[in-house]
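Only one structure is covered here, and it is reproduced in the block below.
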Amino acid sequence: MRPHLRVAPVVADALAAGRPVVALESTIISHGFPYPANLECAIESERVCREEGAVPATIAVIGGKLAVGLSDVELERLAAARETPKASRRDLPLLIARESDGATTVAGTMAIAAMAGISLFATGGIGGVHRGAERSFDVSADLEELARTSVAVVSAGAKSVLDLGLTLEYLETRGVPVIGYRTDAFPAFYTRESGFGVDARLDTPAEIAAVLKAKWETGLPGGVVIANPIDEAHALDPAVIDDIIDRALAEARETGVRGKSVTPFLLARIHELTGGQSEDANKALVWSNVRLAARIASALGSRGGATATYPGRES
Ligand code: PSU
Ligand code: MN
């Protein structure tokens, strides 16, 4: 067992027995939704995961421990505390040394999932290349983590607060496959299409599991982006959401928000400007992603025997 890693017994047992496990992140709890919608989203995500026959492992930094699988009390504490710092890869050593809490981003969650041997992870949206990155250099550490850490991430694509074209170029450069689940279009979180395509469309969890198995068996390290578009019933009107995103971006420029605060600022403004309309969409897509991740994790296990044969790995 790695130092500083704390794996919940139910998660450790499942991993040891080769049963499917799905990692869940915690920035979405601390900065993705207001309270108590964040708690509801987290609890229901875990329930959906179990319903699909997989063990949920919500990941966060708790009192300086890299925690894989949280208690109800810890989930409630994270949801209620609004100021828990975002924890990406670079933040982990500091939080450990300070024995403080941290809300793990996609990058932070992937890094910790890999330490625990978890290979599937479900979230809402991944980070990416920000608009204007040619000047700001603002490229999410999520993309570098996808390049180096062998964990597959199921998301509804990424929000168009980002430059999705540059995000996809970056993933291509860094060798990260982008798979569309039952779609040829890379989805834009609230909407099913972004105007950009995916590498490949696959229509079943078993086909996706076969790609993951091929990648990791071959010894090609790194993650895979599995893009699962929001269902039609919950998708938002692109014109409405584009206006709101433009407003949020303009406000970010005016206030001069920088660095790791940019994404939480934009997420909060989008929520406020859509008056909670985006909240239902956001929850629905997260739960759909958890469902798909659990099915892929199950397929991965049943193909090769134990899921533990294909652990998340770091390079
Ligand atoms: N995009 C969303 N919702 C989120 C995030 C991004 O639609 O909650 C969070 C994720 O945790 C992601 C992080 O890993 O923001 C990216 O932050 P940054 O852009 O600072 O790397
Ligand atoms: Mn950034």
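By order of appearance in the structure tokens: chains A, B, ..., then residues from 1 within every chain, and ligands from 1 in the order shown.
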Could I get the residue neighbourhood of ligand 1 at 6 Å, counting only C-alpha atoms and all ligand atoms, as a PyMOL selection string?
-> chain A and resi 27-28+32+105-107+124-127+140-142+159+260+263
Export N, CA, C and O atoms of the chosen residues as an mmCIF file, in the first residue's frame?
data_model
loop_
_atom_site.group_PDB
_atom_site.id
_atom_site.type_symbol
_atom_site.label_atom_id
_atom_site.label_comp_id
_atom_site.auth_asym_id
_atom_site.auth_seq_id
_atom_site.Cartn_x
_atom_site.Cartn_y
_atom_site.Cartn_z
ATOM 1 N N THR A 27 -14.053 17.666 -7.030
ATOM 2 C CA THR A 27 -14.172 19.098 -7.382
ATOM 3 C C THR A 27 -15.602 19.395 -7.794
ATOM 4 O O THR A 27 -16.138 20.463 -7.510
ATOM 5 N N ILE A 28 -16.218 18.428 -8.427
ATOM 6 C CA ILE A 28 -17.621 18.583 -8.829
ATOM 7 C C ILE A 28 -18.516 18.814 -7.598
ATOM 8 O O ILE A 28 -19.504 19.538 -7.666
ATOM 9 N N GLY A 32 -18.583 22.352 -8.398
ATOM 10 C CA GLY A 32 -19.405 22.108 -9.579
ATOM 11 C C GLY A 32 -20.875 22.411 -9.380
ATOM 12 O O GLY A 32 -21.593 22.721 -10.327
ATOM 13 N N THR A 105 -9.646 17.337 -8.708
ATOM 14 C CA THR A 105 -10.063 17.557 -10.096
ATOM 15 C C THR A 105 -9.970 16.228 -10.852
ATOM 16 O O THR A 105 -9.570 15.202 -10.295
ATOM 17 N N VAL A 106 -10.250 16.287 -12.128
ATOM 18 C CA VAL A 106 -10.072 15.092 -12.963
ATOM 19 C C VAL A 106 -8.620 14.616 -12.863
ATOM 20 O O VAL A 106 -8.353 13.425 -12.654
ATOM 21 N N ALA A 107 -7.664 15.551 -12.970
ATOM 22 C CA ALA A 107 -6.249 15.157 -12.895
ATOM 23 C C ALA A 107 -5.922 14.544 -11.531
ATOM 24 O O ALA A 107 -5.304 13.479 -11.457
ATOM 25 N N GLY A 124 -18.419 14.742 -14.879
ATOM 26 C CA GLY A 124 -19.309 15.503 -15.750
ATOM 27 C C GLY A 124 -18.573 15.933 -16.997
ATOM 28 O O GLY A 124 -18.812 15.426 -18.094
ATOM 29 N N GLY A 125 -17.636 16.873 -16.801
ATOM 30 C CA GLY A 125 -16.871 17.371 -17.940
ATOM 31 C C GLY A 125 -15.400 17.427 -17.593
ATOM 32 O O GLY A 125 -15.037 17.651 -16.442
ATOM 33 N N ILE A 126 -14.555 17.223 -18.593
ATOM 34 C CA ILE A 126 -13.108 17.318 -18.354
ATOM 35 C C ILE A 126 -12.651 18.767 -18.564
ATOM 36 O O ILE A 126 -13.318 19.554 -19.236
ATOM 37 N N GLY A 127 -11.505 19.093 -17.979
ATOM 38 C CA GLY A 127 -10.876 20.372 -18.261
ATOM 39 C C GLY A 127 -10.198 20.302 -19.619
ATOM 40 O O GLY A 127 -10.087 19.226 -20.215
ATOM 41 N N SER A 140 -5.596 22.947 -18.959
ATOM 42 C CA SER A 140 -5.860 22.161 -17.750
ATOM 43 C C SER A 140 -4.861 21.014 -17.591
ATOM 44 O O SER A 140 -4.520 20.328 -18.565
ATOM 45 N N ALA A 141 -4.447 20.801 -16.349
ATOM 46 C CA ALA A 141 -3.586 19.653 -16.038
ATOM 47 C C ALA A 141 -4.310 18.330 -16.322
ATOM 48 O O ALA A 141 -3.664 17.280 -16.410
ATOM 49 N N ASP A 142 -5.632 18.383 -16.486
ATOM 50 C CA ASP A 142 -6.379 17.158 -16.832
ATOM 51 C C ASP A 142 -5.821 16.526 -18.105
ATOM 52 O O ASP A 142 -5.774 15.293 -18.239
ATOM 53 N N LYS A 159 -17.110 21.671 -21.522
ATOM 54 C CA LYS A 159 -17.937 22.866 -21.746
ATOM 55 C C LYS A 159 -17.275 23.775 -22.773
ATOM 56 O O LYS A 159 -16.051 23.867 -22.839
ATOM 57 N N LYS A 260 -6.060 28.737 -11.133
ATOM 58 C CA LYS A 260 -6.986 27.653 -10.796
ATOM 59 C C LYS A 260 -8.380 28.144 -10.439
ATOM 60 O O LYS A 260 -9.315 27.362 -10.345
ATOM 61 N N THR A 263 -11.779 28.178 -13.705
ATOM 62 C CA THR A 263 -12.847 27.207 -13.968
ATOM 63 C C THR A 263 -13.965 27.276 -12.919
ATOM 64 O O THR A 263 -15.142 27.360 -13.287
#
Which residues form the shell of 12 Å around ligand 2 when you count only C-alpha atoms and all ligand atoms, given as a ChimeraX atom specification?
-> /A:86,88,105,107,126-133,136-144,161-162,257-266
Counting only C-alpha atoms, which residues of region 87-196 of chain A fall within 10 Å of region 289-294 of chain A, and what is the closest atom pair for each with its distance in Å at one decimal, ordered by chain and rising number, as JSON lines?
{"residue": "A:Ser119", "atom": "CA", "partner": "A:Ala293", "partner_atom": "CA", "distance": 9.9}
{"residue": "A:Leu120", "atom": "CA", "partner": "A:Ala293", "partner_atom": "CA", "distance": 6.3}
{"residue": "A:Phe121", "atom": "CA", "partner": "A:Ala293", "partner_atom": "CA", "distance": 6.6}
{"residue": "A:Ala122", "atom": "CA", "partner": "A:Val290", "partner_atom": "CA", "distance": 5.2}
{"residue": "A:Thr123", "atom": "CA", "partner": "A:Asn289", "partner_atom": "CA", "distance": 6.6}
{"residue": "A:Gly124", "atom": "CA", "partner": "A:Asn289", "partner_atom": "CA", "distance": 7.2}
{"residue": "A:Gly125", "atom": "CA", "partner": "A:Asn289", "partner_atom": "CA", "distance": 9.9}
{"residue": "A:Ala152", "atom": "CA", "partner": "A:Ala293", "partner_atom": "CA", "distance": 8.7}
{"residue": "A:Val153", "atom": "CA", "partner": "A:Ala293", "partner_atom": "CA", "distance": 8.0}
{"residue": "A:Val154", "atom": "CA", "partner": "A:Asn289", "partner_atom": "CA", "distance": 5.8}
{"residue": "A:Ser155", "atom": "CA", "partner": "A:Asn289", "partner_atom": "CA", "distance": 6.0}
{"residue": "A:Ala156", "atom": "CA", "partner": "A:Asn289", "partner_atom": "CA", "distance": 7.2}
{"residue": "A:Tyr181", "atom": "CA", "partner": "A:Leu292", "partner_atom": "CA", "distance": 9.1}
Hey, what does DSSP flag as strand (DSSP E or B) within region 115-306 of chain A? Can you give it to me as an NGL selection string?
-> :A and (120-122 or 129-130 or 139 or 149 or 152-155 or 157 or 162 or 178-181 or 185 or 188 or 197 or 200-202 or 224-227)
Preceding selection exported with N, CA and C atoms as a PDB file, in the first residue's frame:
ATOM      1  N   LEU A 120     -11.406   2.844 -14.149  1.00  0.00           N
ATOM      2  CA  LEU A 120     -12.541   3.580 -14.726  1.00  0.00           C
ATOM      3  C   LEU A 120     -12.939   4.714 -13.794  1.00  0.00           C
ATOM      4  N   PHE A 121     -13.301   5.843 -14.393  1.00  0.00           N
ATOM      5  CA  PHE A 121     -13.598   7.067 -13.647  1.00  0.00           C
ATOM      6  C   PHE A 121     -14.712   7.795 -14.386  1.00  0.00           C
ATOM      7  N   ALA A 122     -15.761   8.188 -13.671  1.00  0.00           N
ATOM      8  CA  ALA A 122     -16.862   8.933 -14.284  1.00  0.00           C
ATOM      9  C   ALA A 122     -16.929  10.331 -13.698  1.00  0.00           C
ATOM     10  N   VAL A 129      -8.165  23.017 -22.957  1.00  0.00           N
ATOM     11  CA  VAL A 129      -7.442  24.221 -23.360  1.00  0.00           C
ATOM     12  C   VAL A 129      -8.430  25.394 -23.309  1.00  0.00           C
ATOM     13  N   HIS A 130      -8.104  26.401 -22.510  1.00  0.00           N
ATOM     14  CA  HIS A 130      -9.012  27.540 -22.405  1.00  0.00           C
ATOM     15  C   HIS A 130      -8.947  28.410 -23.654  1.00  0.00           C
ATOM     16  N   VAL A 139      -3.921  25.766 -19.884  1.00  0.00           N
ATOM     17  CA  VAL A 139      -4.266  24.420 -20.355  1.00  0.00           C
ATOM     18  C   VAL A 139      -4.437  23.563 -19.114  1.00  0.00           C
ATOM     19  N   THR A 149      -1.482   8.887 -17.283  1.00  0.00           N
ATOM     20  CA  THR A 149      -2.035   7.978 -16.272  1.00  0.00           C
ATOM     21  C   THR A 149      -3.110   7.082 -16.883  1.00  0.00           C
ATOM     22  N   ALA A 152      -9.356   5.395 -17.615  1.00  0.00           N
ATOM     23  CA  ALA A 152     -10.302   5.847 -18.638  1.00  0.00           C
ATOM     24  C   ALA A 152     -11.344   6.745 -17.982  1.00  0.00           C
ATOM     25  N   VAL A 153     -11.633   7.872 -18.635  1.00  0.00           N
ATOM     26  CA  VAL A 153     -12.527   8.870 -18.051  1.00  0.00           C
ATOM     27  C   VAL A 153     -13.781   9.004 -18.910  1.00  0.00           C
ATOM     28  N   VAL A 154     -14.935   8.735 -18.295  1.00  0.00           N
ATOM     29  CA  VAL A 154     -16.216   8.917 -18.987  1.00  0.00           C
ATOM     30  C   VAL A 154     -16.744  10.301 -18.637  1.00  0.00           C
ATOM     31  N   SER A 155     -16.972  11.129 -19.665  1.00  0.00           N
ATOM     32  CA  SER A 155     -17.488  12.486 -19.443  1.00  0.00           C
ATOM     33  C   SER A 155     -18.498  12.797 -20.535  1.00  0.00           C
ATOM     34  N   GLY A 157     -18.050  15.172 -22.505  1.00  0.00           N
ATOM     35  CA  GLY A 157     -17.217  16.073 -23.289  1.00  0.00           C
ATOM     36  C   GLY A 157     -16.692  17.180 -22.399  1.00  0.00           C
ATOM     37  N   LEU A 162     -14.341  26.330 -22.914  1.00  0.00           N
ATOM     38  CA  LEU A 162     -13.010  25.968 -23.405  1.00  0.00           C
ATOM     39  C   LEU A 162     -12.969  26.102 -24.923  1.00  0.00           C
ATOM     40  N   VAL A 178      -9.938   9.439 -28.168  1.00  0.00           N
ATOM     41  CA  VAL A 178     -11.212  10.066 -27.794  1.00  0.00           C
ATOM     42  C   VAL A 178     -12.322   9.254 -28.461  1.00  0.00           C
ATOM     43  N   ILE A 179     -13.070   8.537 -27.643  1.00  0.00           N
ATOM     44  CA  ILE A 179     -14.108   7.634 -28.150  1.00  0.00           C
ATOM     45  C   ILE A 179     -15.483   8.254 -27.922  1.00  0.00           C
ATOM     46  N   GLY A 180     -16.304   8.229 -28.931  1.00  0.00           N
ATOM     47  CA  GLY A 180     -17.692   8.681 -28.789  1.00  0.00           C
ATOM     48  C   GLY A 180     -18.576   7.473 -28.526  1.00  0.00           C
ATOM     49  N   TYR A 181     -19.339   7.540 -27.445  1.00  0.00           N
ATOM     50  CA  TYR A 181     -20.264   6.442 -27.159  1.00  0.00           C
ATOM     51  C   TYR A 181     -21.567   6.696 -27.914  1.00  0.00           C
ATOM     52  N   ALA A 185     -19.953  12.684 -32.810  1.00  0.00           N
ATOM     53  CA  ALA A 185     -19.691  14.085 -32.456  1.00  0.00           C
ATOM     54  C   ALA A 185     -19.100  14.179 -31.055  1.00  0.00           C
ATOM     55  N   ALA A 188     -20.586  18.741 -26.141  1.00  0.00           N
ATOM     56  CA  ALA A 188     -20.174  19.966 -25.437  1.00  0.00           C
ATOM     57  C   ALA A 188     -20.908  20.097 -24.100  1.00  0.00           C
ATOM     58  N   GLY A 197     -15.514  16.336 -34.128  1.00  0.00           N
ATOM     59  CA  GLY A 197     -15.764  14.900 -34.111  1.00  0.00           C
ATOM     60  C   GLY A 197     -14.928  14.176 -33.064  1.00  0.00           C
ATOM     61  N   ALA A 200     -13.280   7.832 -32.856  1.00  0.00           N
ATOM     62  CA  ALA A 200     -13.996   6.619 -33.207  1.00  0.00           C
ATOM     63  C   ALA A 200     -15.298   6.572 -32.435  1.00  0.00           C
ATOM     64  N   ARG A 201     -16.303   6.041 -33.096  1.00  0.00           N
ATOM     65  CA  ARG A 201     -17.581   5.818 -32.439  1.00  0.00           C
ATOM     66  C   ARG A 201     -17.656   4.348 -32.053  1.00  0.00           C
ATOM     67  N   LEU A 202     -18.038   4.065 -30.816  1.00  0.00           N
ATOM     68  CA  LEU A 202     -18.263   2.688 -30.373  1.00  0.00           C
ATOM     69  C   LEU A 202     -19.626   2.634 -29.711  1.00  0.00           C
ATOM     70  N   VAL A 224      -7.899   7.334 -21.577  1.00  0.00           N
ATOM     71  CA  VAL A 224      -8.767   7.355 -22.749  1.00  0.00           C
ATOM     72  C   VAL A 224      -9.945   8.257 -22.377  1.00  0.00           C
ATOM     73  N   VAL A 225     -10.351   9.114 -23.306  1.00  0.00           N
ATOM     74  CA  VAL A 225     -11.551   9.927 -23.090  1.00  0.00           C
ATOM     75  C   VAL A 225     -12.727   9.201 -23.719  1.00  0.00           C
ATOM     76  N   ILE A 226     -13.728   8.909 -22.917  1.00  0.00           N
ATOM     77  CA  ILE A 226     -14.958   8.299 -23.420  1.00  0.00           C
ATOM     78  C   ILE A 226     -16.046   9.354 -23.302  1.00  0.00           C
ATOM     79  N   ALA A 227     -16.499   9.832 -24.457  1.00  0.00           N
ATOM     80  CA  ALA A 227     -17.446  10.945 -24.486  1.00  0.00           C
ATOM     81  C   ALA A 227     -18.860  10.404 -24.647  1.00  0.00           C
TER      82      ALA A 227
END
Do you have the CA of Thr173 (chain A)-CA of Ile118 (chain A) distance handy?
->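 Separation of CA of Thr173 (chain A) and CA of Ile118 (chain A): 25.0 Å.
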Using DSSP on the backbone coordinates, identify all residues within region 145-247 of chain A classified as helix (DSSP H, G or I); present the result as a PyMOL selection string.
-> chain A and resi 145-148+164-173+205-217+232-234+238-247
Excluding region 49-59 of chain A and residues on its chain fewer than 6 positions from it, collect all residues at most 10 Å away from it, counting only C-alpha atoms, and give them as JSON, numbers by chain.
-> {"A": [6, 7, 8, 10, 11, 12, 13, 14, 15, 19, 20, 21, 22, 23, 24, 25, 26, 27, 42, 43, 66, 67, 68, 69, 70, 71, 75, 102, 103, 104, 105, 108, 109, 110, 112, 113, 118, 121, 122, 287, 288, 289, 290, 291, 292, 293, 294, 295, 296, 297, 298]}
Spatial neighbours of Ser278 (chain A), 12 Å, only C-alpha atoms, chain gap at least 2 places, as a ChimeraX atom specification = /A:32-34,37,159,189-191,230,234-238,240-241,244-245,267-276,280-285
Please dump the current selection as a CSV table (one decimal), in the first residue's frame; keep N, CA, C and O atoms.
chain,number,residue,atom,x,y,z
A,32,GLY,N,-18.6,22.4,-8.4
A,32,GLY,CA,-19.4,22.1,-9.6
A,32,GLY,C,-20.9,22.4,-9.4
A,32,GLY,O,-21.6,22.7,-10.3
A,33,PHE,N,-21.3,22.3,-8.1
A,33,PHE,CA,-22.8,22.6,-7.8
A,33,PHE,C,-22.8,23.3,-6.5
A,33,PHE,O,-22.0,23.1,-5.6
A,34,PRO,N,-23.9,24.1,-6.3
A,34,PRO,CA,-24.2,24.7,-5.0
A,34,PRO,C,-24.6,23.6,-4.0
A,34,PRO,O,-25.0,22.5,-4.4
A,37,ALA,N,-27.4,20.7,-3.7
A,37,ALA,CA,-27.5,19.9,-5.0
A,37,ALA,C,-26.2,19.1,-5.1
A,37,ALA,O,-26.3,17.9,-5.7
A,159,LYS,N,-17.1,21.7,-21.5
A,159,LYS,CA,-17.9,22.9,-21.7
A,159,LYS,C,-17.3,23.8,-22.8
A,159,LYS,O,-16.1,23.9,-22.8
A,189,PHE,N,-21.0,19.0,-23.4
A,189,PHE,CA,-21.5,19.0,-22.0
A,189,PHE,C,-23.0,19.2,-22.0
A,189,PHE,O,-23.8,18.2,-22.0
A,190,TYR,N,-23.5,20.4,-22.1
A,190,TYR,CA,-25.0,20.7,-22.1
A,190,TYR,C,-25.6,20.4,-23.4
A,190,TYR,O,-26.9,20.3,-23.5
A,191,THR,N,-24.8,20.2,-24.4
A,191,THR,CA,-25.4,19.9,-25.8
A,191,THR,C,-24.7,18.7,-26.4
A,191,THR,O,-23.6,18.4,-26.0
A,230,ILE,N,-25.0,14.1,-23.4
A,230,ILE,CA,-26.2,14.2,-22.5
A,230,ILE,C,-27.4,13.7,-23.3
A,230,ILE,O,-27.4,13.8,-24.5
A,234,HIS,N,-32.6,16.0,-21.7
A,234,HIS,CA,-32.0,17.0,-20.8
A,234,HIS,C,-31.1,18.0,-21.4
A,234,HIS,O,-30.6,19.0,-20.8
A,235,ALA,N,-30.8,17.9,-22.7
A,235,ALA,CA,-29.9,18.8,-23.4
A,235,ALA,C,-30.5,20.2,-23.4
A,235,ALA,O,-31.7,20.4,-23.5
A,236,LEU,N,-29.6,21.2,-23.3
A,236,LEU,CA,-30.1,22.6,-23.3
A,236,LEU,C,-30.0,23.2,-24.8
A,236,LEU,O,-29.3,22.6,-25.6
A,237,ASP,N,-30.7,24.3,-25.0
A,237,ASP,CA,-30.7,24.9,-26.2
A,237,ASP,C,-29.4,25.6,-26.5
A,237,ASP,O,-28.9,26.4,-25.7
A,238,PRO,N,-28.7,25.2,-27.6
A,238,PRO,CA,-27.3,25.7,-27.8
A,238,PRO,C,-27.2,27.2,-27.8
A,238,PRO,O,-26.3,27.8,-27.3
A,240,VAL,N,-29.0,29.4,-26.2
A,240,VAL,CA,-29.2,30.0,-24.8
A,240,VAL,C,-27.9,29.8,-24.1
A,240,VAL,O,-27.3,30.7,-23.5
A,241,ILE,N,-27.3,28.6,-24.1
A,241,ILE,CA,-26.1,28.3,-23.3
A,241,ILE,C,-24.9,29.0,-23.9
A,241,ILE,O,-24.1,29.5,-23.1
A,244,ILE,N,-24.9,32.5,-22.5
A,244,ILE,CA,-24.5,32.5,-21.1
A,244,ILE,C,-23.0,32.3,-20.9
A,244,ILE,O,-22.4,33.0,-20.1
A,245,ILE,N,-22.5,31.4,-21.7
A,245,ILE,CA,-21.1,31.1,-21.6
A,245,ILE,C,-20.3,32.4,-22.1
A,245,ILE,O,-19.3,32.7,-21.4
A,267,LEU,N,-17.9,28.1,-13.8
A,267,LEU,CA,-18.9,27.1,-13.4
A,267,LEU,C,-20.0,27.8,-12.6
A,267,LEU,O,-21.2,27.6,-12.8
A,268,ALA,N,-19.6,28.6,-11.6
A,268,ALA,CA,-20.5,29.2,-10.7
A,268,ALA,C,-21.4,30.2,-11.4
A,268,ALA,O,-22.6,30.3,-11.3
A,269,ARG,N,-20.8,31.0,-12.3
A,269,ARG,CA,-21.6,32.0,-13.1
A,269,ARG,C,-22.6,31.3,-14.0
A,269,ARG,O,-23.7,31.8,-14.2
A,270,ILE,N,-22.2,30.2,-14.6
A,270,ILE,CA,-23.1,29.6,-15.6
A,270,ILE,C,-24.3,29.1,-14.8
A,270,ILE,O,-25.4,29.2,-15.2
A,271,HIS,N,-24.0,28.5,-13.6
A,271,HIS,CA,-25.2,28.1,-12.8
A,271,HIS,C,-26.1,29.2,-12.4
A,271,HIS,O,-27.3,29.1,-12.5
A,272,GLU,N,-25.5,30.4,-12.0
A,272,GLU,CA,-26.3,31.5,-11.6
A,272,GLU,C,-27.1,32.0,-12.8
A,272,GLU,O,-28.3,32.3,-12.7
A,273,LEU,N,-26.5,32.2,-13.9
A,273,LEU,CA,-27.1,32.8,-15.1
A,273,LEU,C,-28.2,31.9,-15.7
A,273,LEU,O,-29.1,32.4,-16.4
A,274,THR,N,-28.1,30.6,-15.6
A,274,THR,CA,-29.1,29.7,-16.1
A,274,THR,C,-30.2,29.5,-15.1
A,274,THR,O,-31.2,28.8,-15.4
A,275,GLY,N,-30.0,30.1,-13.9
A,275,GLY,CA,-31.1,30.0,-12.9
A,275,GLY,C,-31.4,28.6,-12.5
A,275,GLY,O,-32.6,28.2,-12.4
A,276,GLY,N,-30.4,27.8,-12.4
A,276,GLY,CA,-30.6,26.4,-11.9
A,276,GLY,C,-31.1,25.4,-13.1
A,276,GLY,O,-31.1,24.2,-12.9
A,280,ASP,N,-30.2,20.6,-13.5
A,280,ASP,CA,-30.8,19.3,-13.8
A,280,ASP,C,-30.1,18.6,-14.9
A,280,ASP,O,-29.9,17.4,-14.9
A,281,ALA,N,-29.7,19.4,-15.9
A,281,ALA,CA,-28.9,18.8,-17.0
A,281,ALA,C,-27.6,18.3,-16.5
A,281,ALA,O,-27.2,17.1,-16.9
A,282,ASN,N,-27.0,19.0,-15.7
A,282,ASN,CA,-25.7,18.6,-15.1
A,282,ASN,C,-25.8,17.3,-14.3
A,282,ASN,O,-25.0,16.4,-14.5
A,283,LYS,N,-26.8,17.2,-13.5
A,283,LYS,CA,-27.0,16.0,-12.7
A,283,LYS,C,-27.2,14.8,-13.6
A,283,LYS,O,-26.7,13.8,-13.5
A,284,ALA,N,-28.1,15.0,-14.6
A,284,ALA,CA,-28.6,13.9,-15.4
A,284,ALA,C,-27.3,13.4,-16.2
A,284,ALA,O,-27.2,12.2,-16.3
A,285,LEU,N,-26.5,14.3,-16.7
A,285,LEU,CA,-25.4,13.8,-17.5
A,285,LEU,C,-24.3,13.1,-16.6
A,285,LEU,O,-23.7,12.1,-17.0
